[in-house]
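> Have a peek at input.cif (mmCIF, C-alpha atoms).
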data_entry
loop_
_atom_site.label_atom_id
_atom_site.label_comp_id
_atom_site.auth_asym_id
_atom_site.auth_seq_id
_atom_site.Cartn_x
_atom_site.Cartn_y
_atom_site.Cartn_z
CA MET A 1 4.58 46.87 -2.03
CA THR A 2 8.11 46.14 -0.92
CA ILE A 3 9.28 42.82 0.51
CA TYR A 4 12.00 44.15 2.76
CA THR A 5 11.32 44.95 6.39
CA GLY A 6 14.81 45.60 7.74
CA THR A 7 14.01 43.63 10.91
CA GLY A 8 16.77 41.16 10.07
CA ASP A 9 19.53 43.65 9.37
CA LYS A 10 21.34 42.80 12.61
CA GLY A 11 21.35 39.04 12.09
CA LYS A 12 18.12 38.13 13.86
CA THR A 13 14.83 36.92 12.50
CA SER A 14 11.42 35.95 13.87
CA LEU A 15 10.08 32.45 14.21
CA PHE A 16 6.41 31.86 13.43
CA SER A 17 5.99 31.29 17.16
CA GLY A 18 7.22 34.82 17.84
CA GLU A 19 10.75 34.27 19.17
CA ARG A 20 13.48 36.52 17.88
CA VAL A 21 16.39 34.23 17.10
CA SER A 22 19.77 34.37 15.41
CA LYS A 23 19.71 33.60 11.71
CA ALA A 24 22.17 30.86 12.64
CA ASP A 25 19.56 29.19 14.89
CA ALA A 26 19.02 25.47 14.26
CA ARG A 27 15.41 26.05 13.18
CA ILE A 28 16.40 28.69 10.65
CA ASP A 29 19.13 26.40 9.40
CA ALA A 30 16.62 23.57 8.94
CA TYR A 31 13.92 25.52 7.15
CA GLY A 32 16.60 27.23 5.09
CA ASP A 33 17.36 23.79 3.72
CA LEU A 34 13.66 23.23 3.03
CA ASP A 35 13.65 26.51 1.15
CA GLU A 36 16.67 25.38 -0.86
CA LEU A 37 14.98 22.06 -1.60
CA ASN A 38 11.81 23.84 -2.68
CA SER A 39 13.79 26.09 -5.03
CA ILE A 40 15.55 23.11 -6.58
CA LEU A 41 12.19 21.46 -7.17
CA GLY A 42 11.26 24.68 -8.96
CA VAL A 43 14.26 24.29 -11.27
CA LEU A 44 13.34 20.67 -11.85
CA ALA A 45 9.76 21.62 -12.69
CA VAL A 46 11.01 24.17 -15.22
CA HIS A 47 13.12 21.52 -16.95
CA LEU A 48 10.08 19.21 -16.98
CA SER A 49 7.62 21.84 -18.19
CA ALA A 50 6.47 19.63 -21.09
CA LYS A 51 5.42 16.89 -18.65
CA GLU A 52 2.38 18.42 -17.02
CA GLU A 53 1.60 15.53 -14.68
CA LEU A 54 5.12 15.48 -13.27
CA VAL A 55 5.10 19.24 -12.82
CA ALA A 56 1.78 19.04 -10.97
CA GLU A 57 3.24 16.35 -8.70
CA LEU A 58 6.28 18.50 -7.95
CA GLN A 59 4.20 21.59 -7.32
CA GLN A 60 2.08 19.69 -4.80
CA ILE A 61 5.28 18.73 -3.01
CA GLN A 62 6.40 22.37 -3.11
CA SER A 63 3.17 23.33 -1.33
CA ASP A 64 3.68 20.52 1.19
CA LEU A 65 7.14 21.90 1.91
CA PHE A 66 5.66 25.27 2.90
CA GLN A 67 3.43 23.40 5.32
CA ALA A 68 6.46 21.52 6.67
CA GLY A 69 8.46 24.75 6.95
CA ALA A 70 5.84 26.29 9.23
CA TRP A 71 6.44 23.46 11.73
CA LEU A 72 10.17 24.05 11.64
CA ALA A 73 9.56 27.76 12.26
CA THR A 74 7.47 27.06 15.35
CA ARG A 75 8.71 26.01 18.75
CA PRO A 76 6.66 23.07 20.02
CA ASP A 77 5.86 24.69 23.37
CA SER A 78 4.19 27.68 21.65
CA ALA A 79 0.49 28.46 21.48
CA ALA A 80 1.12 29.25 17.79
CA ILE A 81 1.23 25.53 17.15
CA ASP A 82 -2.58 25.51 17.19
CA SER A 83 -2.50 27.47 13.92
CA LEU A 84 -0.53 24.81 12.07
CA GLN A 85 -1.82 22.07 9.86
CA GLU A 86 -0.16 18.71 10.45
CA ILE A 87 1.46 16.80 7.62
CA SER A 88 -1.15 14.11 7.11
CA ALA A 89 -0.72 10.37 6.73
CA GLU A 90 -2.35 10.84 3.33
CA GLN A 91 0.38 13.21 2.16
CA ILE A 92 2.94 10.53 3.01
CA ALA A 93 0.81 7.84 1.34
CA ILE A 94 0.73 9.91 -1.88
CA LEU A 95 4.54 9.83 -1.97
CA GLU A 96 4.58 6.10 -1.29
CA LYS A 97 2.12 5.40 -4.08
CA ALA A 98 4.19 7.45 -6.50
CA ILE A 99 7.35 5.59 -5.46
CA ASP A 100 5.60 2.25 -6.06
CA ARG A 101 4.25 3.42 -9.41
CA TYR A 102 7.67 4.57 -10.65
CA GLU A 103 9.44 1.48 -9.34
CA ASN A 104 7.04 -0.72 -11.31
CA GLU A 105 8.08 1.09 -14.47
CA LEU A 106 11.83 1.02 -13.77
CA PRO A 107 14.34 -1.78 -14.26
CA GLY A 108 15.62 -3.38 -11.04
CA LEU A 109 18.80 -2.12 -9.41
CA ASN A 110 21.72 -4.31 -8.40
CA ALA A 111 24.36 -1.60 -7.96
CA PHE A 112 24.72 2.00 -6.84
CA ILE A 113 24.09 4.45 -9.65
CA LEU A 114 25.95 7.65 -10.38
CA PRO A 115 23.80 10.70 -9.80
CA GLY A 116 23.27 12.31 -13.18
CA GLY A 117 22.21 11.39 -16.68
CA HIS A 118 19.51 13.66 -18.04
CA ILE A 119 19.50 17.20 -16.65
CA THR A 120 16.19 16.53 -14.88
CA ALA A 121 17.56 13.41 -13.20
CA ALA A 122 20.65 15.33 -12.13
CA TRP A 123 18.49 18.01 -10.48
CA ALA A 124 16.31 15.39 -8.82
CA HIS A 125 19.45 13.88 -7.28
CA VAL A 126 20.52 17.31 -6.03
CA ALA A 127 17.04 17.72 -4.51
CA ARG A 128 17.38 14.31 -2.85
CA THR A 129 20.67 15.21 -1.20
CA VAL A 130 19.32 18.53 0.08
CA CYS A 131 16.26 16.71 1.40
CA ARG A 132 18.55 14.30 3.28
CA ARG A 133 20.51 17.22 4.70
CA CYS A 134 17.29 18.80 5.89
CA GLU A 135 16.27 15.53 7.48
CA ARG A 136 19.54 15.43 9.40
CA LYS A 137 18.85 18.93 10.73
CA VAL A 138 15.29 18.12 11.75
CA VAL A 139 16.32 15.15 13.90
CA PRO A 140 17.83 17.28 16.72
CA LEU A 141 14.73 19.48 16.72
CA ILE A 142 12.61 16.44 17.52
CA ASP A 143 14.18 16.42 21.00
CA GLN A 144 12.53 19.77 21.77
CA SER A 145 9.18 18.43 20.64
CA MET A 146 9.62 15.41 22.93
CA LYS A 147 10.10 17.76 25.90
CA ALA A 148 6.98 19.69 24.90
CA LYS A 149 5.13 16.41 24.36
CA VAL A 150 4.17 17.46 20.84
CA THR A 151 5.70 14.47 19.16
CA VAL A 152 3.32 13.24 16.48
CA PRO A 153 3.42 16.20 14.07
CA TYR A 154 7.22 16.45 14.21
CA GLN A 155 7.73 12.72 13.80
CA ARG A 156 5.38 12.77 10.84
CA LEU A 157 7.40 15.60 9.37
CA LEU A 158 10.47 13.42 9.67
CA VAL A 159 8.67 10.53 7.98
CA PHE A 160 7.58 12.88 5.20
CA LEU A 161 11.17 14.01 4.58
CA ASN A 162 12.46 10.45 4.66
CA ARG A 163 9.84 9.36 2.17
CA LEU A 164 10.42 12.42 0.01
CA SER A 165 14.12 11.57 -0.22
CA ASP A 166 13.22 8.08 -1.44
CA TYR A 167 10.69 9.56 -3.85
CA LEU A 168 13.33 11.90 -5.30
CA PHE A 169 15.66 8.96 -5.87
CA VAL A 170 13.11 7.04 -7.94
CA PHE A 171 11.92 10.28 -9.52
CA ALA A 172 15.50 10.85 -10.74
CA ARG A 173 15.56 7.37 -12.26
CA GLN A 174 12.15 7.97 -13.81
CA CYS A 175 13.44 11.21 -15.33
CA ASN A 176 16.26 9.28 -16.98
CA ARG A 177 13.86 6.60 -18.19
CA ILE A 178 11.34 8.94 -19.80
CA HIS A 179 14.16 10.81 -21.53
CA GLY A 180 15.77 7.59 -22.82
CA VAL A 181 18.90 7.86 -20.64
CA LEU A 182 20.28 4.81 -18.85
CA ASP A 183 21.28 5.07 -15.21
CA LYS A 184 25.04 4.65 -15.00
CA PRO A 185 26.05 2.01 -12.44
CA TRP A 186 28.95 2.61 -10.08
CA ARG A 187 31.94 0.39 -10.83
CA SER A 188 34.46 0.07 -8.03
CA MET B 1 -7.28 27.87 15.27
CA LYS B 2 -8.04 26.24 11.93
CA THR B 3 -10.64 28.17 9.99
CA HIS B 4 -11.96 27.12 6.62
CA VAL B 5 -10.67 29.33 3.80
CA SER B 6 -13.08 29.87 0.91
CA THR B 7 -14.66 32.48 -1.35
CA TYR B 8 -17.92 34.07 -0.23
CA ALA B 9 -20.42 36.59 -1.54
CA ALA B 10 -21.23 39.55 0.71
CA VAL B 11 -23.14 42.81 0.50
CA LEU B 12 -22.07 46.33 1.46
CA LEU B 13 -24.51 47.39 4.19
CA LYS B 14 -23.12 50.65 5.54
CA ARG B 15 -20.22 53.10 5.25
CA GLN B 16 -19.15 55.63 7.83
CA TRP B 17 -16.27 58.07 7.53
CA LEU B 18 -13.99 57.90 10.57
CA SER B 19 -11.70 60.76 9.53
CA ASN B 20 -10.96 62.57 6.29
CA LYS B 21 -8.67 59.67 5.25
CA SER B 22 -10.34 56.58 6.65
CA PHE B 23 -13.76 55.03 6.71
CA GLY B 24 -15.43 52.01 8.17
CA ILE B 25 -17.68 49.69 6.23
CA ILE B 26 -20.13 47.08 7.39
CA ILE B 27 -20.72 44.08 5.17
CA SER B 28 -22.99 41.11 5.63
CA THR B 29 -21.39 38.02 7.13
CA PRO B 30 -21.74 35.26 4.54
CA SER B 31 -23.32 32.03 5.65
CA GLY B 32 -20.65 29.62 6.88
CA PHE B 33 -17.92 32.26 7.18
CA GLU B 34 -15.94 31.95 10.41
CA PHE B 35 -12.83 33.72 11.61
CA GLU B 36 -10.64 34.34 14.63
CA PRO B 37 -10.10 37.86 16.02
CA GLY B 38 -7.03 39.30 14.28
CA GLN B 39 -7.59 37.61 10.93
CA ARG B 40 -8.10 39.31 7.56
CA ILE B 41 -10.28 38.92 4.51
CA ARG B 42 -9.32 39.49 0.88
CA LEU B 43 -11.84 41.77 -0.73
CA SER B 44 -12.16 41.73 -4.53
CA CYS B 45 -13.80 44.28 -6.77
CA GLY B 46 -13.28 45.29 -10.38
CA GLY B 47 -10.42 42.84 -10.89
CA HIS B 48 -8.47 44.19 -7.94
CA GLU B 49 -8.08 42.74 -4.47
CA ARG B 50 -6.87 43.92 -1.12
CA ASP B 51 -6.56 42.39 2.35
CA TYR B 52 -8.34 44.03 5.26
CA SER B 53 -8.25 43.01 8.91
CA ILE B 54 -11.64 42.51 10.47
CA VAL B 55 -12.58 45.04 13.14
CA SER B 56 -15.66 43.26 14.49
CA ALA B 57 -15.78 40.22 16.74
CA PRO B 58 -16.80 36.79 15.44
CA LYS B 59 -19.92 36.88 17.60
CA GLU B 60 -21.24 40.02 15.86
CA SER B 61 -23.85 39.67 13.15
CA ASP B 62 -21.97 41.68 10.48
CA LEU B 63 -18.35 42.18 9.44
CA ASN B 64 -16.78 45.58 10.11
CA LEU B 65 -13.70 46.74 8.25
CA CYS B 66 -11.55 49.83 8.63
CA ILE B 67 -10.33 51.21 5.30
CA ARG B 68 -7.64 53.80 4.66
CA ASN B 69 -8.63 55.77 1.59
CA VAL B 70 -5.38 55.44 -0.36
CA THR B 71 -4.79 58.02 -3.10
CA GLY B 72 -5.18 56.11 -6.36
CA GLY B 73 -6.14 52.96 -4.44
CA LYS B 74 -8.37 50.78 -6.64
CA VAL B 75 -10.18 48.90 -3.88
CA SER B 76 -10.35 51.66 -1.26
CA GLY B 77 -11.43 54.12 -3.98
CA PHE B 78 -14.19 51.78 -5.08
CA LEU B 79 -15.36 51.15 -1.53
CA SER B 80 -15.35 54.85 -0.68
CA THR B 81 -18.08 55.53 -3.24
CA ALA B 82 -19.80 52.17 -3.86
CA GLU B 83 -23.54 52.21 -3.43
CA ILE B 84 -24.97 50.59 -0.34
CA GLY B 85 -26.21 47.18 -1.44
CA THR B 86 -23.26 46.55 -3.78
CA SER B 87 -22.26 42.86 -4.01
CA LEU B 88 -18.70 42.05 -2.93
CA SER B 89 -16.53 38.97 -3.14
CA ILE B 90 -14.50 38.07 -0.10
CA HIS B 91 -11.91 35.33 0.33
CA GLY B 92 -10.64 34.10 3.63
CA PRO B 93 -10.15 34.19 6.46
CA HIS B 94 -6.41 34.72 6.13
CA GLY B 95 -3.55 35.28 8.54
CA TYR B 96 -2.25 34.12 11.87
CA PHE B 97 -2.18 37.40 13.76
CA THR B 98 -4.30 36.09 16.58
CA TYR B 99 -3.87 36.48 20.31
CA LYS B 100 -1.92 33.64 21.90
CA PRO B 101 -2.58 33.28 25.65
CA SER B 102 0.65 33.56 27.63
CA PRO B 103 1.93 34.29 31.13
CA ARG B 104 3.84 37.28 29.71
CA PRO B 105 2.14 40.69 29.50
CA ALA B 106 0.76 41.54 26.06
CA VAL B 107 1.79 44.82 24.45
CA PHE B 108 -0.13 45.77 21.31
CA VAL B 109 1.38 48.40 19.04
CA ALA B 110 -0.55 49.79 16.08
CA THR B 111 -0.18 52.60 13.59
CA GLY B 112 -3.17 54.04 11.73
CA THR B 113 -5.68 51.45 10.52
CA GLY B 114 -3.36 48.77 11.91
CA ILE B 115 -5.57 49.12 14.97
CA ALA B 116 -8.21 46.90 13.31
CA PRO B 117 -7.09 43.44 14.53
CA PHE B 118 -6.77 44.72 18.10
CA CYS B 119 -10.27 46.10 17.91
CA SER B 120 -11.58 42.67 16.95
CA MET B 121 -9.71 41.12 19.88
CA ALA B 122 -11.07 43.72 22.32
CA ARG B 123 -14.61 43.35 21.00
CA SER B 124 -14.22 39.61 21.54
CA GLY B 125 -13.64 40.20 25.25
CA LEU B 126 -9.85 40.50 25.54
CA THR B 127 -8.95 42.99 28.26
CA ASP B 128 -5.58 42.43 29.86
CA PHE B 129 -3.31 44.26 27.42
CA THR B 130 -1.37 47.47 26.89
CA LEU B 131 -2.12 49.26 23.62
CA LEU B 132 -0.13 51.98 21.91
CA HIS B 133 -1.84 53.54 18.91
CA GLY B 134 0.41 55.73 16.77
CA VAL B 135 -1.43 58.32 14.69
CA ARG B 136 -0.88 61.85 13.45
CA LEU B 137 -3.98 63.56 14.86
CA PRO B 138 -6.63 62.89 17.54
CA GLU B 139 -9.27 62.37 14.82
CA ASP B 140 -7.35 59.26 13.74
CA LEU B 141 -8.01 57.53 17.09
CA TYR B 142 -11.02 55.74 15.64
CA TYR B 143 -11.79 53.26 18.36
CA ALA B 144 -10.58 55.15 21.43
CA THR B 145 -13.77 54.59 23.41
CA GLN B 146 -13.54 50.85 22.88
CA PHE B 147 -9.96 50.70 24.12
CA GLN B 148 -10.49 53.09 27.02
CA GLN B 149 -12.92 50.49 28.31
CA SER B 150 -11.07 47.29 27.50
CA ALA B 151 -7.31 47.91 27.60
CA ARG B 152 -5.38 47.76 30.87
CA THR B 153 -3.34 50.66 29.52
CA TYR B 154 -4.26 52.62 26.40
CA VAL B 155 -1.80 55.20 25.13
CA PRO B 156 -2.54 57.20 22.00
CA CYS B 157 0.78 58.37 20.52
CA LEU B 158 0.31 61.50 18.41
CA THR B 159 2.98 62.91 16.18
CA GLU B 160 1.39 66.05 14.78
CA SER B 161 -1.05 67.42 17.30
CA ASN B 162 -0.73 70.30 19.70
CA LYS B 163 -3.86 69.30 21.58
CA LEU B 164 -3.36 65.99 23.31
CA PRO B 165 -6.26 63.87 24.54
CA ALA B 166 -6.13 62.55 28.10
CA ASN B 167 -3.31 60.05 28.73
CA ALA B 168 -1.89 60.64 25.26
CA PHE B 169 1.81 60.77 24.46
CA ARG B 170 3.36 63.24 22.06
CA GLY B 171 5.68 61.32 19.77
CA LYS B 172 6.13 58.01 18.03
CA VAL B 173 5.27 54.66 19.57
CA THR B 174 8.96 53.77 19.57
CA GLU B 175 9.74 56.82 21.70
CA TYR B 176 7.04 55.81 24.18
CA LEU B 177 8.41 52.28 24.40
CA GLU B 178 11.94 53.56 24.95
CA LYS B 179 10.94 56.04 27.62
CA HIS B 180 8.05 54.43 29.47
CA LEU B 181 7.75 50.68 29.04
CA PRO B 182 9.46 49.02 32.02
CA PRO B 183 12.17 46.50 31.13
CA ALA B 184 10.62 43.02 31.09
CA VAL B 185 9.81 40.13 28.83
CA TYR B 186 6.60 40.71 26.87
CA ASP B 187 4.54 39.32 24.04
CA PHE B 188 4.52 42.12 21.47
CA TYR B 189 1.92 42.31 18.73
CA LEU B 190 2.83 44.85 16.04
CA SER B 191 0.33 45.90 13.40
CA GLY B 192 0.71 48.66 10.90
CA ARG B 193 3.32 50.35 8.77
CA ARG B 194 6.53 48.62 7.77
CA GLU B 195 8.71 51.34 9.27
CA MET B 196 7.04 51.02 12.67
CA ILE B 197 7.41 47.24 12.61
CA ARG B 198 11.10 47.53 11.74
CA ASP B 199 11.85 50.18 14.36
CA VAL B 200 9.92 48.49 17.16
CA THR B 201 11.35 45.06 16.37
CA LEU B 202 14.92 46.37 16.48
CA LEU B 203 14.11 48.16 19.75
CA ILE B 204 12.73 44.92 21.20
CA ASP B 205 15.95 43.11 20.22
CA GLU B 206 17.91 45.77 22.07
CA SER B 207 15.79 46.54 25.12
CA PHE B 208 13.26 43.74 25.64
CA SER B 209 15.21 40.66 24.61
CA ASP B 210 13.54 37.24 25.01
CA SER B 211 10.18 38.84 24.28
CA LEU B 212 8.02 37.32 21.56
CA VAL B 213 7.09 39.38 18.51
CA TYR B 214 4.09 38.79 16.26
CA THR B 215 3.63 41.10 13.30
CA GLU B 216 0.97 42.09 10.80
CA MET B 217 2.20 44.48 8.14
CA PHE B 218 -0.17 46.97 6.54
CA TYR B 219 0.90 48.08 3.08
#
Written as structure tokens, that's how I'd like the structure from this file.

Amino acid sequence: MTIYTGTGDKGKTSLFSGERVSKADARIDAYGDLDELNSILGVLAVHLSAKEELVAELQQIQSDLFQAGAWLATRPDSAAIDSLQEISAEQIAILEKAIDRYENELPGLNAFILPGGHITAAWAHVARTVCRRCERKVVPLIDQSMKAKVTVPYQRLLVFLNRLSDYLFVFARQCNRIHGVLDKPWRS
Amino acid sequence: MKTHVSTYAAVLLKRQWLSNKSFGIIISTPSGFEFEPGQRIRLSCGGHERDYSIVSAPKESDLNLCIRNVTGGKVSGFLSTAEIGTSLSIHGPHGYFTYKPSPRPAVFVATGTGIAPFCSMARSGLTDFTLLHGVRLPEDLYYATQFQQSARTYVPCLTESNKLPANAFRGKVTEYLEKHLPPAVYDFYLSGRREMIRDVTLLIDESFSDSLVYTEMFY
């Protein structure tokens, strides 16, 4: 079984909702960032392979990102939207609970910190920045969903990405903590 | 469309050869199994698994599948000789290759056993579509009677036959589309071999731009 189709050789690709669009289309750009984020989480999980619980948490997020990507690959005025599963309030709540749990274990912050420290923390910071970039690309797509009056799933996707960015920040700090590395504060 | 994906036990009820390379099987519909026309199931046997699109309609009592007997194929080989009554494990339903209602005309394009999802749609009552079925020989037009009744336009496209059935086209589906499909914006549904999907998609980009394209690749 081969993975190549050749349908994208001239710079176009298909959305889940059937439209043939340029590979430079805003939707492709946005879910390309999700793909990048997902791959970085994969790297992070490899570096954390001895910490099974953390790997399981990351892999759940990787699955959630596939679910999110399907929304980005679907125009809101399409009948294909009926096939999609919304990001649930529970999926967001899981991130929030994890953030709270990690924050309870971490020392308080009174300054910016330099991204880095342990290799796992460094990758988590990279993931956070890619997640923020993706969020910035999703915002303009929300306008299309407003016109199609399919607002809730897309807004929830935005909430999920916002919360995931926060999660990745505390996750980075948690990675430093469990590896005995201190976060380095920014000194102006 | 949100169907519940799970693993089910089923039983092989019947096998019927459709040509010297393909056969249909009928298996029992497990209790609680639901699907949409166009979806597939993953069939497991002897440690191997393979996806097959469902030919029958959800309202029918049993599940019909169309199997190409692949040389050296573990699952198709097993199914081609398995005793009637054999227990099977199925997982699904899978896939999103379902009909999406639209104001644009629907053009279905299949090669070989890629006809299966369209058969399920037609048996579910869908009628207003054009169907091109690319095969080598007339004997490969398994469900012709079904489509003669339900399709608005049904065009068998034969590549290796000197005797053409009524309304058939000699050549590939891409050649038919190039020569005979009027320029317009369509919803294309492509099901079958990778090469067909590539060639038709690139043709759509060139000649039927702004059309939608949904694909189901058969390996």
> Show me which bits of chain B are within 7 Å of chain A, counting all atoms listed in the file, as a PyMOL selection string.
chain B and resi 1-2+96+100+194+198+201-202+211-214+219
> Selected by the PyMOL selection byres ((chain B and resi 35-46) around 7) in the shown coordinates: which residues, as a list in words?
Thr3, Phe33, Glu34, Gly47, His48, Glu49, Arg50, Asp51, Tyr52, Ser53, Ile54, Ala57, Pro58, Val75, Leu88, Ser89, Ile90, His91, Gly92, Pro93, His94, Gly95, Tyr96, Phe97, Thr98, Pro117, Phe118, Ser120 and Met121 of chain B
> CA of Leu18 in chain B and CA of Arg123 in chain B are how many Å apart?
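Atom-to-atom, CA of Leu18 in chain B and CA of Arg123 in chain B are spaced 17.9 Å apart.
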> Pick out the closest residue to Leu37 in chain A from this set: A:Arg173, A:Arg132, A:Arg163, A:His118. Count all atoms listed in the file.
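Counting all atoms listed in the file, the residue closest to Leu37 in chain A is A:Arg132.
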> Can you work out the spacing between CA of Val139 in chain A and CA of Tyr154 in chain A in Å, to one decimal?
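Distance reported for this atom pair: 9.2 Å.
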> One number please: CA of Asp29 in chain A to CA of Thr129 in chain A, in Å, one decimal.
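CA of Asp29 in chain A sits 15.5 Å away from CA of Thr129 in chain A.
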> Between A:Leu164, A:Ala127, A:Cys134, A:Ile113, which one has atoms that come closest to Lys184 in chain A, using only C-alpha atoms?
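Among the listed residues, the smallest separation from Lys184 in chain A belongs to A:Ile113.
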> Evaluate the PyMOL selection byres ((chain B and resi 101-113) around 9) on the structure here and hand back the selected residues as a ChimeraX atom specification.
/A:79 /B:22,53,66-68,99-100,114-116,118,128-136,140-142,173,184-193,196-197,200,211,218
> Write out as JSON an axis-aligned box for range 150-167 of chain A: all of its atoms listed in the file, 6 Å added on each side, centre and edge lengths in Å with one decimal.

{"center_x": 8.7, "center_y": 12.8, "center_z": 8.5, "size_x": 22.8, "size_y": 21.4, "size_z": 36.7}
> At a cut-off of 10 Å, using only C-alpha atoms, what residues contact Val159 in chain A? Leave out same-chain residues fewer than 6 positions from it and give the result as a PyMOL selection string.
chain A and resi 87+89+92+135+153+165
> Write a file of the selected residues as a PDB file, in the coordinates of the input, keeping C-alpha atoms.

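Wrote it out as selection26.pdb, contents follow:
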ATOM      1  CA  ILE A  87       1.460  16.800   7.620  1.00  0.00           C
ATOM      2  CA  ALA A  89      -0.720  10.370   6.730  1.00  0.00           C
ATOM      3  CA  ILE A  92       2.940  10.530   3.010  1.00  0.00           C
ATOM      4  CA  GLU A 135      16.270  15.530   7.480  1.00  0.00           C
ATOM      5  CA  PRO A 153       3.420  16.200  14.070  1.00  0.00           C
ATOM      6  CA  SER A 165      14.120  11.570  -0.220  1.00  0.00           C
TER       7      SER A 165
END
> May I have the residues within 12 Å of Asn162 in chain B as a list in words, using all atoms listed in the file and disregarding those fewer than 5 positions away in the same chain?
Arg136, Leu137, Pro138, Ala168, Phe169, Arg170 and Gly171 of chain B
> Could you spell out the hits of the PyMOL selection byres ((chain B and resi 27-32) around 9) on the shown file, as an NGL selection string?
:B and (8-14 or 25-26 or 33-34 or 60-65 or 88)
> Calculated over only C-alpha atoms, which of the candidates B:Phe23, B:Gly125, B:Lys59, B:Arg15 has the smallest distance to Glu83 in chain B?
B:Arg15
> For Trp71 in chain A, which of A:Val181, A:Leu168, A:Ala124, A:Leu34 is the closest residue, counting only C-alpha atoms?
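Using only C-alpha atoms, the shortest distance to Trp71 in chain A belongs to A:Leu34.
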> Measuring between only C-alpha atoms, which one of A:Leu44, A:Ile61, A:Val170, A:Ile142 shows the shortest distance to Asp100 in chain A?
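Once distances to Asp100 in chain A are computed over only C-alpha atoms, the minimum belongs to A:Val170.
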> Closest to Thr127 in chain B among B:Ser80, B:Thr145, B:Ser150, B:Thr7, using all atoms listed in the file?
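Smallest distance to Thr127 in chain B is found for B:Ser150.
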> Would you kindly return, as number ranges by chain, each protein, DNA or RNA residue with an atom no farther than 10 Å from any atom of Asp166 in chain A, considering only C-alpha atoms and excluding same-chain residues fewer than 4 positions away?
A: 95-96, 99, 128, 131-132, 160-162, 170-172
> Could you add the missing atoms to range 157-161 of chain B, up to all heavy atoms, and return them as an mmCIF file, in the frame of the given file?

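Listed below is the output, rebuild20.cif:
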data_model
loop_
_atom_site.group_PDB
_atom_site.id
_atom_site.type_symbol
_atom_site.label_atom_id
_atom_site.label_comp_id
_atom_site.auth_asym_id
_atom_site.auth_seq_id
_atom_site.Cartn_x
_atom_site.Cartn_y
_atom_site.Cartn_z
ATOM 1 N N CYS B 157 -0.504 57.694 20.759
ATOM 2 C CA CYS B 157 0.780 58.370 20.520
ATOM 3 C C CYS B 157 0.592 59.254 19.290
ATOM 4 O O CYS B 157 0.427 58.742 18.174
ATOM 5 C CB CYS B 157 1.889 57.357 20.272
ATOM 6 S SG CYS B 157 2.176 56.268 21.680
ATOM 7 N N LEU B 158 0.608 60.566 19.499
ATOM 8 C CA LEU B 158 0.310 61.500 18.410
ATOM 9 C C LEU B 158 1.567 62.244 17.979
ATOM 10 O O LEU B 158 2.313 62.749 18.822
ATOM 11 C CB LEU B 158 -0.769 62.492 18.839
ATOM 12 C CG LEU B 158 -2.140 61.833 19.068
ATOM 13 C CD1 LEU B 158 -2.346 61.518 20.521
ATOM 14 C CD2 LEU B 158 -3.235 62.723 18.543
ATOM 15 N N THR B 159 1.752 62.283 16.675
ATOM 16 C CA THR B 159 2.980 62.910 16.180
ATOM 17 C C THR B 159 2.795 64.343 15.695
ATOM 18 O O THR B 159 3.763 65.086 15.593
ATOM 19 C CB THR B 159 3.562 62.074 15.019
ATOM 20 O OG1 THR B 159 2.543 61.884 14.041
ATOM 21 C CG2 THR B 159 4.082 60.728 15.496
ATOM 22 N N GLU B 160 1.561 64.731 15.394
ATOM 23 C CA GLU B 160 1.390 66.050 14.780
ATOM 24 C C GLU B 160 0.303 66.891 15.436
ATOM 25 O O GLU B 160 -0.326 67.706 14.774
ATOM 26 C CB GLU B 160 1.062 65.893 13.280
ATOM 27 C CG GLU B 160 2.216 65.350 12.474
ATOM 28 C CD GLU B 160 1.897 65.283 11.000
ATOM 29 O OE1 GLU B 160 0.968 65.984 10.552
ATOM 30 O OE2 GLU B 160 2.560 64.507 10.306
ATOM 31 N N SER B 161 0.043 66.685 16.674
ATOM 32 C CA SER B 161 -1.050 67.420 17.300
ATOM 33 C C SER B 161 -0.555 68.259 18.472
ATOM 34 O O SER B 161 0.267 67.801 19.269
ATOM 35 C CB SER B 161 -2.113 66.440 17.787
ATOM 36 O OG SER B 161 -3.164 67.154 18.380
#
